[in-house]
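Q: One structure, pasted below without further comment.
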Amino acid sequence: MAQATQPFTIAALSVLKGRSTAIGLSDLITVEGSSYDLNVDSIDGSVLLDFRDSQSVAPALGSDCCRFATAAFQSIAPVPNEIVNKDTLAWSIVKLYYAAFYAGNSILRMLGESSSFLDRNHTNRISAMMTAMGSNPNFRMERGLYHCTLNPTASAVRYMKVGSSSGGSHEAFWRIFQNRIHSLSEGILLGSLIPAEAQQVFAKFRSLEMILNTSPQGVGGSLSSIRNELQYKHSFGVWFPVQLKKRERETLGRLAAQWQGDPMDIEPYRPGRDMFLNFVSACAFIVGLCRVIVARIAERSSEGDKCFICFGPLSFLRDAGLASASGVVR
């Protein structure tokens with residue numbers, strides 16, 4: 001899996017070293033000393049910030065990747081044990097969802113995209129630059145969620161406002177994530193990987209898309225919908241009085257623990273299987289995918305143990321006694 005996704009990760013991440021900064025992709029717009037050219041596209045309503053090289057963008061991207069991946073691993077680490085205990089079952093499932101949400105955000109960034117929030121400081125800065133340039137686009141820069149895409153050299157970032165039809169921030173994120181997974185799987189199928197292996201990876205990602213596409217909210221909303229049902233409507237029998245038997249909880253624990261293994265051994269969606277079981281498997285798959293991608297970046301880094309990844313998510317895995325998970329790269 002790591003080998004299949006490697007050609008699609010941002011190459012500039014492999015030369016980053018040291019601890020990550022606190023500057024993320026959104027703050028590139030306003031950080032002191034930041035220099036870039038602004039290009040406005042009135043047709044699609046996007047703005048492009050061209051920094052001319054990756055020295056500003058790559059560290060910000062790496063910072064986001066690290067904090068999201070670390071949050072994902074820290075969230076999921078206790079889940080396989082907590083999910084078996086009926087007193088901690090409900091919130092362990094919520095944590096599992098957020099682990100997948102954080103992991104998905106890290107994966108998306110490693111693949112050159114993000115779902116990022118721009119506040120008024122960010123949008124006011126861009127609007128002021130538009131005015132100074134004499135630009136008069138047919139859209140306004142408003143605070144909210146933006147779909148950000150990097151160019152292959154990580155020297156420029158395009159920001160496009162996410163429409164209200166995409167739902168809330170989580171639904172919008174999963175829609176962007178699902179679309180990126182779809183294009184990634186097609187790229188892998190047409191890439192240099194041995195055809196039989198490419199087909200296997202393609203099928204695995206299609207399995208993930210199956211559960212991401214089973215929500216009434218449309219593309220990419222299923223995991224968020226299930227989490228909402230559980231957290232706000234107290235569904236699935238995981239709240240007191242717990243309806244799931246110990247044997248059923250142990251099954252959930254085994255499925256959740258799969259994040260430490262090879263993602264190719266996880267089936268995110270199985271037709272006919274209970275949707276709640278598919279939900280747990282899909283979350284474990286997404287976190288496992290994040291784990292092998294960050295481990296591959298560290299493995300391929302020109303900076304060795306000074307690689308930025310080693311100071312964040314991989315450091316957490318070692319400290320948590322999950323060193324085997326941090327070193328599994330397939």
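Chain labels A, B, ... are given in the sequence in which chains occur in the structure tokens; within each chain residues are numbered consecutively from 1, and ligands are likewise numbered from 1 in the order shown.
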Could you write out, as number ranges by chain, all the residues of region 64-168 of chain A that DSSP marks as alpha helix (DSSP H)?
A: A: 64-76, 79-82, 89-110, 120-133
Q: Counting only C-alpha atoms, what is within 7 Å of Arg52 (chain A), bar same-chain residues fewer than 2 positions away, as a VMD selection string?
A: chain A and resid 50 155 to 156
Q: Output C-alpha atoms for every residue in that selection, as a compact mmCIF listing (two decimals), in the first residue's frame.
A:
```txt
# COMPACT_ATOMS: atom_id res chain seq x y z
CA ASP A 50 2.33 31.33 -5.77
CA SER A 155 5.36 26.00 -4.47
CA ALA A 156 1.76 27.19 -4.89
```
Q: If we count only C-alpha atoms and set the cut-off at 8 Å, which residues sit around Leu145 (chain A), ignoring sequence neighbours fewer than 3 positions away in its own chain? Please answer as number ranges by chain.
A: A: 115-118, 161-162, 169
Q: I want to know what sits within 8 Å of region 59-69 of chain A, based on only C-alpha atoms, with residues of the same chain fewer than 2 positions away left out; could you give that as a VMD selection string?
A: chain A and resid 13 16 20 to 25 28 55 to 57 71 to 73 102 to 103 105 to 107 109 to 110 290 to 291 308 to 309 312 to 313
Q: Go ahead and write the residues just picked, C-alpha atoms, as a PDB file, in the first residue's frame.
A:
```
ATOM      1  CA  LEU A  13       7.968  16.293   2.372  1.00  0.00           C
ATOM      2  CA  LEU A  16      11.844  18.246   5.626  1.00  0.00           C
ATOM      3  CA  SER A  20       7.334  21.015  12.779  1.00  0.00           C
ATOM      4  CA  THR A  21       6.426  24.673  13.056  1.00  0.00           C
ATOM      5  CA  ALA A  22       3.057  25.893  14.299  1.00  0.00           C
ATOM      6  CA  ILE A  23       2.287  27.403  10.898  1.00  0.00           C
ATOM      7  CA  GLY A  24      -0.248  25.466   8.825  1.00  0.00           C
ATOM      8  CA  LEU A  25      -1.545  25.903   5.280  1.00  0.00           C
ATOM      9  CA  LEU A  28       0.619  30.900   5.091  1.00  0.00           C
ATOM     10  CA  GLN A  55      10.468  26.623   1.279  1.00  0.00           C
ATOM     11  CA  SER A  56       7.340  28.201   2.759  1.00  0.00           C
ATOM     12  CA  VAL A  57       4.669  25.728   1.702  1.00  0.00           C
ATOM     13  CA  ALA A  71      -3.873  13.142  16.906  1.00  0.00           C
ATOM     14  CA  ALA A  72      -5.144  10.147  14.920  1.00  0.00           C
ATOM     15  CA  PHE A  73      -2.717   7.685  16.512  1.00  0.00           C
ATOM     16  CA  TYR A 102      -7.695  13.198  11.724  1.00  0.00           C
ATOM     17  CA  ALA A 103      -5.937  10.474   9.730  1.00  0.00           C
ATOM     18  CA  ASN A 105      -6.887  15.022   7.018  1.00  0.00           C
ATOM     19  CA  SER A 106      -3.239  13.975   7.229  1.00  0.00           C
ATOM     20  CA  ILE A 107      -3.559  11.645   4.228  1.00  0.00           C
ATOM     21  CA  ARG A 109      -2.392  16.752   2.854  1.00  0.00           C
ATOM     22  CA  MET A 110       0.307  14.197   2.105  1.00  0.00           C
ATOM     23  CA  CYS A 290      -2.130   7.084   7.310  1.00  0.00           C
ATOM     24  CA  ARG A 291       0.353   5.092   9.390  1.00  0.00           C
ATOM     25  CA  PHE A 308      10.099  15.762  10.542  1.00  0.00           C
ATOM     26  CA  ILE A 309       7.812  12.733  10.776  1.00  0.00           C
ATOM     27  CA  GLY A 312       5.677  13.767  15.618  1.00  0.00           C
ATOM     28  CA  PRO A 313       3.515  10.734  14.850  1.00  0.00           C
TER      29      PRO A 313
END
```
Q: Of the candidates A:Pro78, A:Tyr97, A:Val47, A:Gln231, which one gets nearest to Ser127 (chain A) if we count only C-alpha atoms?
A: A:Val47
Q: Residues at most 8 Å from region 240-247 of chain A, counting only C-alpha atoms, excluding those fewer than 4 positions away in the same chain, as a PDB file with C-alpha atoms, in the first residue's frame?
A:
```
ATOM      1  CA  VAL A  84     -14.581  -4.164  24.785  1.00  0.00           C
ATOM      2  CA  LYS A  86     -19.213  -1.663  28.079  1.00  0.00           C
ATOM      3  CA  ASP A  87     -18.586   1.395  30.283  1.00  0.00           C
ATOM      4  CA  THR A 251     -15.298  -8.446  17.534  1.00  0.00           C
TER       5      THR A 251
END
```
Q: Quick one: of A:Val79, A:Cys283, A:Ala2, A:Leu212, who's nearest to Ala295 (chain A), counting only C-alpha atoms?
A: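 Once distances to Ala295 (chain A) are computed over only C-alpha atoms, the minimum belongs to A:Ala2.
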Q: Using only C-alpha atoms, which protein or nucleic acid residues come within 12 Å of Met133 (chain A)? Drop anything in the same chain fewer than 4 positions from it, and give the result as a list in words.
A: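 Selected residues are Asp37, Leu38, Asn39, Val40, Ile126, Ser127, Ala128, Met129 and Pro137 of chain A.
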Q: Produce a file of the selected residues containing N, CA and C atoms, as a PDB file, in the first residue's frame.
A:
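In the end it all went to result07.pdb:
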```
ATOM      1  N   ASP A  37       2.843  35.655  -4.931  1.00  0.00           N
ATOM      2  CA  ASP A  37       2.048  36.311  -5.968  1.00  0.00           C
ATOM      3  C   ASP A  37       0.620  35.796  -5.864  1.00  0.00           C
ATOM      4  N   LEU A  38      -0.333  36.663  -6.125  1.00  0.00           N
ATOM      5  CA  LEU A  38      -1.745  36.297  -6.042  1.00  0.00           C
ATOM      6  C   LEU A  38      -2.361  36.302  -7.429  1.00  0.00           C
ATOM      7  N   ASN A  39      -2.973  35.178  -7.779  1.00  0.00           N
ATOM      8  CA  ASN A  39      -3.676  35.067  -9.052  1.00  0.00           C
ATOM      9  C   ASN A  39      -5.135  34.722  -8.771  1.00  0.00           C
ATOM     10  N   VAL A  40      -6.042  35.461  -9.382  1.00  0.00           N
ATOM     11  CA  VAL A  40      -7.475  35.296  -9.144  1.00  0.00           C
ATOM     12  C   VAL A  40      -8.136  34.695 -10.374  1.00  0.00           C
ATOM     13  N   ILE A 126      -6.351  38.524   1.726  1.00  0.00           N
ATOM     14  CA  ILE A 126      -6.472  38.266   0.291  1.00  0.00           C
ATOM     15  C   ILE A 126      -7.308  39.352  -0.378  1.00  0.00           C
ATOM     16  N   SER A 127      -8.400  39.757   0.269  1.00  0.00           N
ATOM     17  CA  SER A 127      -9.248  40.813  -0.298  1.00  0.00           C
ATOM     18  C   SER A 127      -8.474  42.115  -0.453  1.00  0.00           C
ATOM     19  N   ALA A 128      -7.637  42.435   0.530  1.00  0.00           N
ATOM     20  CA  ALA A 128      -6.832  43.657   0.456  1.00  0.00           C
ATOM     21  C   ALA A 128      -5.850  43.597  -0.706  1.00  0.00           C
ATOM     22  N   MET A 129      -5.280  42.411  -0.936  1.00  0.00           N
ATOM     23  CA  MET A 129      -4.361  42.255  -2.057  1.00  0.00           C
ATOM     24  C   MET A 129      -5.097  42.391  -3.386  1.00  0.00           C
ATOM     25  N   PRO A 137     -12.989  40.576  -9.003  1.00  0.00           N
ATOM     26  CA  PRO A 137     -13.602  39.286  -9.343  1.00  0.00           C
ATOM     27  C   PRO A 137     -15.094  39.280  -9.047  1.00  0.00           C
TER      28      PRO A 137
END
```
Q: Take CA of Gly144 (chain A) and CA of Ile181 (chain A) and report the distance between them in Å, one decimal.
A: 23.4 Å
Q: Can you work out which one of A:Met1, A:Leu322, A:Leu230, A:Leu96 has the shortest atom-to-atom distance to Pro263 (chain A), counting only C-alpha atoms?
A: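 Under the stated criterion, the closest residue is A:Met1.
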Q: Among region 60-309 of chain A, which residues does DSSP mark as strand (DSSP E) when it is run on the backbone? Keep the chain and numbering as in the structure and answer as a list in words.
A: Glu113, Ser114, Ser115, Ser116, Phe117, Leu118, Gly144, Leu145, Tyr146, His147, Cys148, Thr149, Leu150, Ala156, Val157, Arg158, Tyr159, Met160 and Lys161 of chain A
Q: Could you check the closest approach to Glu229 (chain A) for each of A:Arg296, A:Arg270, A:Ile93, A:Met264 and tell me which residue wins, using only C-alpha atoms?
A: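 Using only C-alpha atoms, the shortest distance to Glu229 (chain A) belongs to A:Ile93.
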Q: Measuring between only C-alpha atoms, which one of A:Asn151, A:Ser75, A:Asn138, A:Thr30 shows the shortest distance to Thr123 (chain A)?
A: A:Thr30
Q: Can you work out which one of A:Phe139, A:Phe285, A:Tyr269, A:Tyr146 has the shortest atom-to-atom distance to Thr214 (chain A), counting only C-alpha atoms?
A: A:Tyr269
Q: Which distance in Å separates CA of Asp262 (chain A) and CA of Gln3 (chain A), to one decimal?
A: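 Distance between the two atoms: 12.3 Å.
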Q: Have a look at CA of Lys204 (chain A) and CA of Arg227 (chain A) and let me know their distance in Å, one decimal.
A: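 About the pair CA of Lys204 (chain A) and CA of Arg227 (chain A): they are 22.6 Å apart.
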